[in-house]
Amino acid sequence: MTFKALIILLCTVLISACSDTEDQLNEDYGKDQARPRQLSVDDLLAQEYRDQVMPILEKRCVVCHGCYDAPCQLKLSSPEGIDRGASKDQVYNGQRLLGAKPSRLFIDAHDTEQWREKGFSSVLNERDQTMLANLQGSIMYKLLLQKENNPQLQGILPEEFNYSLDRQDQCPDINQLDDYQEDFPLGGMPYGLPNLSNDEFKTLEAWIAKGAPMSEPLPLSEETSKLVAHWEQKLNGDSLKEQLVGRYIYEHLFIGHIYFDALPISTDTPPRFFKLVRSSTPPGEPLKIIPSRRPYDDPKVDRVYYRLMLDRATTLAKTNLPYVFNEQREQLWDTLFYNADFTIDTLPGYKDFNPFVVFKDIPTSARYQFMLKEAYFTISGFIKGPVCRGQVAVNVINDKFWVFFVEPDSTSNADVDHFVYEQANNLRLPAESSSNNLSVIEWLSYAKGSRQYVKAKSDYIKRFMNHDTGLNFSNIWSGNENAALTVFRHIDSATVVKGALGKQPKTAWLIDYPILERIHYLLVAGFDVYGNVGHQITTRLYMDFLRIESETNFISFIPNEFRKPVLASWYLGATKELKEYLNDRNLMHARPSGIKYQTEFPKEELLNRLKHYVYTQPMLKAKNEQYRVPEQDLELKRLNNLGNSVVVALPQVSFVIIEDKKNDDRAYTLIRDNAHKNVSSLLNEAANRSVSEDTAEIYKGFLGTYPGIIFKVSAADKGDFVSLFLQANDSQKFQELITRYGVRRSDTQFWEVSDHLHDLYLQQDPIEYGLFDYNRLINR
């Protein structure tokens with residue numbers, strides 16, 4: 001044992017034998033003082049952090065502490081998050097009457113001292129920097145040590161382990177830690193997951209003892225710096241046209257992870273991501289971010305500049321939204337915006353925000369195609385946005401549906417531009433208001449505006465559409481691999497994939513430009529995770545209009561006599577008010593279908609024919625094949641036919657690893673689809689559930705970022721695994737299945753399996769790759 005290791009061991013013994021309060025620590029080691037911990041990348045301690053410490057923090061800690069819903073807001077995904085520390089304030093609070101002050105990392109404060117002023121407390125020692133002080137004054141270390149002194153129990157964990165998302169986090173400070181450890185002796189970190197290995201614990205222990213030194217970000221390569229400079233120049237032209245286009249692009253891409261495919265990308269060299277931000281400083285000067293609550297809020301500066309800021313945080317699968325900047329992207333933007341024939345005489349202000357007014361001078365067809373060409377990214381915005389715990393955003397959608405889009409050629413004329421601008425007031429969004437409560441009168445005005453827009457849209461269609469040919473497949477876009485999407489909902493999260501996957505869904509959406517723009521500004525640009533209950537409720541209610549409009553666009557393609565019965569089957573048990581809204585003839589009855597049907601089941605026939613129509617795109621068809629169970633694992637397809645009594649025991653997302661000694665290991669996702677009578681109930685969704693109709697589907701690869709169960713199966717045991725699964729129709733048999741093939745959160749193999757999962761995911765897609773979130777692992 002080295003002398004340093006012996007000293008650390010003695011420190012550990014001392015810490016285990018005594019308790020400390022803030023006053024005692026102040027007396028022994030001086031008052032706490034925020035101090036910088038990031039060292040130059042060439043420093044040996046910085047290299048040690050990158051090579052030895054950071055991988056442990058990422059794979060063992062960030063899988064729970066990485067997003068807005070990280071326990072106690074402790075985000076361990078970057079040095080800045082570690083330095084910021086913890087807070088007792090909850091980001092997700094659906095009952096607060098007033099909006100909370102934002103606490104966004106890298107935005108709302110820029111150094112540790114500012115975070116202390118905002119109520120965040122350190123999890124590391126900020127007093128005298130000695131080994132004993134660094135260990136004794138670190139809550140992070142004491143919780144790791146608590147786990148070492150109280151090793152993880154095996155099997156199903158006792159009820160004292162609370163994994164519910166609405167649990168009350170304890171968030172003890174140094175004065176409360178003794179009481180916490182006495183009340184929750186098994187509450188050390190990682191919470192409710194296996195202990196770190198001895199080497200991992202010792203590595204973190206030694207790192208904290210040294211004062212937790214961390215590393216500044218690795219510098220950008222010369223080629224990357226040139227690309228950043230090029231795109232910042234592109235986005236910050238001086239003409240009024242360039243400034244308005246830059247604003248439009250920023251407000252749609254601010255949530256994305258920008259990367260350059262001109263640089264090599266592989267499992268060994270994943271992309272370096274950037275965030276598109278607003279800065280008060282121009283390119284070439286140090287970036288000074290504008291910390292507005294929403295991307296369209298008044299920046300309160302004379303000139304806004306759109307800059308690329310290196311994303312310094314570990315990439316999480318649940319928030320990773322890749323968006324590539326390359327030559328093809330630049331050519332598209334030149335065609336749609338920069339070289340297009342339109343002029344801007346006056347820049348709009350920021351006082352009264354309405355996207356249909358602010359960007360009225362940019363042709364509608366250009367705005368639509370900008371979002372449409374990357375529809376996967378656009379729709380994923382409200383799935384992977386700031387709503388890590390996104391029930392407000394996603395309980396308005398069914399558990400599985402296909403999405404198609406209106407052909408953009410239909411928007412390429414001045415009449416459409418005029419119509420959209422004329423309807424701007426009816427297309428207003430609740431997100432234009434503050435993050436605090438909205439009045440009933442104001443809400444009713446949005447509902448009235450929606451009805452008036454639907455009526456105006458119906459009249460417009462009557463006037464301009466060809467009633468002889470009617471609606472047909474030429475009205476539906478099939479332009480690239482984004483032409484069909486599948487959305488899976490998992491109660492309070494969701495997944496979007498390219499392609500029309502799996503069994504036919506109950507419902508489908510057909511999205512046009514006004515719907516797509518409103519979805520973005522309602523649920524992405526305009527959604528405030530720190531908003532009050534009024535903001536969240538009105539957002540949820542407004543989304544009902546967008547869903548119904550998208551669904552009725554789709555239904556308009558089937559014969560008129562089938563429309564009302566199909567729509568009614570999607571809204572069983574609807575309220576009187578909802579039925580009246582659905583019976584509005586303007587929703588769909590003005591549009592004749594020009595498609596000749598061969599069966600008496602036009603909805604199912606339309607879905608089938610639509611899928612084949614858009615699959616003329618080879619890349620889209622390839623995406624669909626990517627998720628199909630291959631011949632070598634054909635037995636797994638039987639899981640698509642699980643009995644309902646088995647399905648209801650499943651979590652929303654289950655991962656299955658097939659370990660194959662002869663071939664590469666493979667990963668699958670078993671998704672539970674929850675059936676609903678309708679999804680328009682605001683406060684009592686459970687009353688509209690049709691649990692007896694829940695089903696499950698299995699897909700190759702990873703579809704979902706919050707696994708509930710992980711199964712590990714050898715290739716030789718696939719048949720036995722499937723047979724046990726099909727028979728697991730009561731709690732005892734389901735437990736037998738998990739005991740034999742499941743990897744419980746308490747399993748001693750859990751971290752080994754977790755690492756393997758991430759390796760497989762990285763191999764599947766190094767661009768989409770990110771760490772999974774383990775906050776929804778079940779305890780069974």
# chains A, B, ... in the order shown; residues from 1 in each chain; ligands from 1
>>> select_by_dssp(residues="segment 54-296 of chain A", states="alpha helix (DSSP H)", output="ChimeraX atom specification")
/A:54-56,79-84,112-117,131-136,139-149,177-183,198-209,222-235,240-253
>>> residues_around(residues="segment 46-63 of chain A", least_positions_apart="6", cutoff="8 Å", atoms="only C-alpha atoms", output="list in words")
Gln38, Leu39, Ser40, Lys75, Leu76, Ser77, Pro190, Leu196, Glu200, Thr203, Leu204, Trp207, Pro213, Met214, Ser215, Glu216, Thr314, Trp751, Asp755, Leu771, Phe772, Asp773, Tyr774 and Asn775 of chain A
>>> write_last_selection(atoms="C-alpha atoms", output="tab-separated table (two decimals), in the first residue's frame")
chain	number	residue	atom	x	y	z
A	38	GLN	CA	-11.05	22.84	-13.91
A	39	LEU	CA	-7.41	22.53	-14.89
A	40	SER	CA	-5.67	22.99	-18.21
A	75	LYS	CA	-26.19	17.01	-12.76
A	76	LEU	CA	-22.93	15.10	-12.86
A	77	SER	CA	-22.64	15.21	-16.65
A	190	PRO	CA	-25.57	4.72	-6.46
A	196	LEU	CA	-19.24	0.43	-7.43
A	200	GLU	CA	-14.08	2.34	-9.05
A	203	THR	CA	-10.56	5.88	-7.91
A	204	LEU	CA	-13.36	8.29	-6.93
A	207	TRP	CA	-10.00	11.92	-6.80
A	213	PRO	CA	-9.67	18.32	-9.95
A	214	MET	CA	-11.35	18.31	-13.36
A	215	SER	CA	-10.41	19.17	-16.91
A	216	GLU	CA	-11.26	22.03	-19.19
A	314	THR	CA	-21.98	14.08	-21.45
A	751	TRP	CA	-23.06	-2.69	-14.24
A	755	ASP	CA	-21.71	-1.33	-20.06
A	771	LEU	CA	-26.32	7.24	-22.02
A	772	PHE	CA	-29.56	5.52	-21.01
A	773	ASP	CA	-31.55	6.73	-18.02
A	774	TYR	CA	-32.09	4.27	-15.15
A	775	ASN	CA	-34.65	6.25	-13.16
>>> select_by_dssp(residues="segment 322-440 of chain A", states="strand (DSSP E or B)", output="NGL selection string")
:A and (322-325 or 400-406)
>>> residues_around(residues="segment 248-264 of chain A", least_positions_apart="6", cutoff="7 Å", atoms="only C-alpha atoms", output="PyMOL selection string")
chain A and resi 271-277+295-296+320-326+385+525
>>> write_last_selection(atoms="C-alpha atoms", output="tab-separated table (two decimals), in the first residue's frame")
chain	number	residue	atom	x	y	z
A	271	PRO	CA	-19.08	13.63	-32.87
A	272	ARG	CA	-18.42	16.72	-30.81
A	273	PHE	CA	-21.74	18.46	-30.44
A	274	PHE	CA	-22.49	22.18	-30.35
A	275	LYS	CA	-25.48	24.20	-29.21
A	276	LEU	CA	-26.80	27.09	-31.29
A	277	VAL	CA	-27.19	30.00	-28.86
A	295	PRO	CA	-35.67	31.50	-27.49
A	296	TYR	CA	-37.98	34.22	-28.81
A	320	ASN	CA	-29.72	13.81	-27.85
A	321	LEU	CA	-31.11	15.56	-30.95
A	322	PRO	CA	-28.40	15.42	-33.63
A	323	TYR	CA	-28.57	17.91	-36.50
A	324	VAL	CA	-25.83	17.98	-39.11
A	325	PHE	CA	-24.25	21.07	-40.66
A	326	ASN	CA	-22.74	20.19	-44.03
A	385	GLY	CA	-36.77	18.57	-25.32
A	525	ALA	CA	-39.78	26.81	-28.23
>>> atom_distance(atom1="atom CA of Tyr521 of chain A", atom2="atom CA of Arg312 of chain A")
26.3 Å
>>> atom_distance(atom1="atom CA of Glu232 of chain A", atom2="atom CA of Leu308 of chain A")
6.9 Å
>>> closest_residue(among="A:Gln181, A:Ser714, A:Gln632, A:Asn398", to="Glu551 of chain A", atoms="only C-alpha atoms")
A:Asn398
>>> residues_around(residues="segment 588-596 of chain A", least_positions_apart="4", cutoff="6 Å", atoms="only C-alpha atoms", output="NGL selection string")
:A and (469-472 or 552 or 556-559)
>>> residues_around(residues="segment 234-244 of chain A", least_positions_apart="4", cutoff="9 Å", atoms="only C-alpha atoms", output="PyMOL selection string")
chain A and resi 229-230+248-250+282-283+304-307+330+337-338+342-348+358-359+362
>>> residues_around(residues="Leu587 of chain A", least_positions_apart="5", cutoff="9 Å", atoms="only C-alpha atoms", output="list in words")
Val454, Lys455, Lys457, Ser458, Ile548, Glu549, Thr552, Asn553, Ser556, Tyr581 and Leu582 of chain A
>>> write_last_selection(atoms="N, CA and C atoms", output="mmCIF file, in the first residue's frame")
data_model
loop_
_atom_site.group_PDB
_atom_site.id
_atom_site.type_symbol
_atom_site.label_atom_id
_atom_site.label_comp_id
_atom_site.auth_asym_id
_atom_site.auth_seq_id
_atom_site.Cartn_x
_atom_site.Cartn_y
_atom_site.Cartn_z
ATOM 1 N N VAL A 454 -60.276 26.510 -38.180
ATOM 2 C CA VAL A 454 -60.775 25.308 -38.846
ATOM 3 C C VAL A 454 -61.834 25.680 -39.881
ATOM 4 N N LYS A 455 -62.701 26.625 -39.546
ATOM 5 C CA LYS A 455 -63.733 27.073 -40.494
ATOM 6 C C LYS A 455 -63.080 27.757 -41.702
ATOM 7 N N LYS A 457 -60.057 27.367 -42.822
ATOM 8 C CA LYS A 457 -59.327 26.345 -43.582
ATOM 9 C C LYS A 457 -60.278 25.562 -44.467
ATOM 10 N N SER A 458 -61.436 25.206 -43.923
ATOM 11 C CA SER A 458 -62.434 24.478 -44.706
ATOM 12 C C SER A 458 -62.893 25.303 -45.903
ATOM 13 N N ILE A 548 -56.200 16.551 -32.937
ATOM 14 C CA ILE A 548 -57.470 16.304 -33.642
ATOM 15 C C ILE A 548 -57.380 16.797 -35.080
ATOM 16 N N GLU A 549 -56.777 17.945 -35.278
ATOM 17 C CA GLU A 549 -56.638 18.466 -36.642
ATOM 18 C C GLU A 549 -55.777 17.549 -37.496
ATOM 19 N N THR A 552 -57.870 14.365 -38.256
ATOM 20 C CA THR A 552 -58.941 14.568 -39.235
ATOM 21 C C THR A 552 -58.384 14.854 -40.628
ATOM 22 N N ASN A 553 -57.175 15.421 -40.701
ATOM 23 C CA ASN A 553 -56.517 15.531 -42.011
ATOM 24 C C ASN A 553 -56.338 14.145 -42.624
ATOM 25 N N SER A 556 -59.663 12.501 -43.706
ATOM 26 C CA SER A 556 -60.246 13.104 -44.907
ATOM 27 C C SER A 556 -59.923 12.318 -46.172
ATOM 28 N N TYR A 581 -67.334 19.211 -30.663
ATOM 29 C CA TYR A 581 -66.196 19.698 -31.438
ATOM 30 C C TYR A 581 -65.871 18.736 -32.582
ATOM 31 N N LEU A 582 -65.910 17.438 -32.304
ATOM 32 C CA LEU A 582 -65.583 16.442 -33.323
ATOM 33 C C LEU A 582 -66.623 16.402 -34.436
#
>>> atom_distance(atom1="atom CA of Pro79 of chain A", atom2="atom CA of Leu124 of chain A")
11.8 Å
>>> residues_around(residues="Ser681 of chain A", least_positions_apart="4", cutoff="9 Å", atoms="only C-alpha atoms", output="ChimeraX atom specification")
/A:395-396,574-575,685-688
>>> write_last_selection(atoms="C-alpha atoms", output="tab-separated table (two decimals), in the first residue's frame")
chain	number	residue	atom	x	y	z
A	395	ASN	CA	-50.21	12.42	-22.42
A	396	VAL	CA	-52.02	14.10	-25.27
A	574	ALA	CA	-65.69	11.54	-25.05
A	575	THR	CA	-67.35	14.37	-23.16
A	685	GLU	CA	-56.22	9.52	-17.85
A	686	ALA	CA	-56.61	6.20	-16.02
A	687	ALA	CA	-60.38	6.35	-16.49
A	688	ASN	CA	-59.89	6.25	-20.26
>>> closest_residue(among="A:Thr269, A:Gln732, A:Asn644, A:Ser121", to="Cys171 of chain A", atoms="only C-alpha atoms")
A:Ser121
>>> closest_residue(among="A:Tyr613, A:Phe464, A:Tyr530, A:Phe488", to="Gly99 of chain A", atoms="only C-alpha atoms")
A:Tyr530
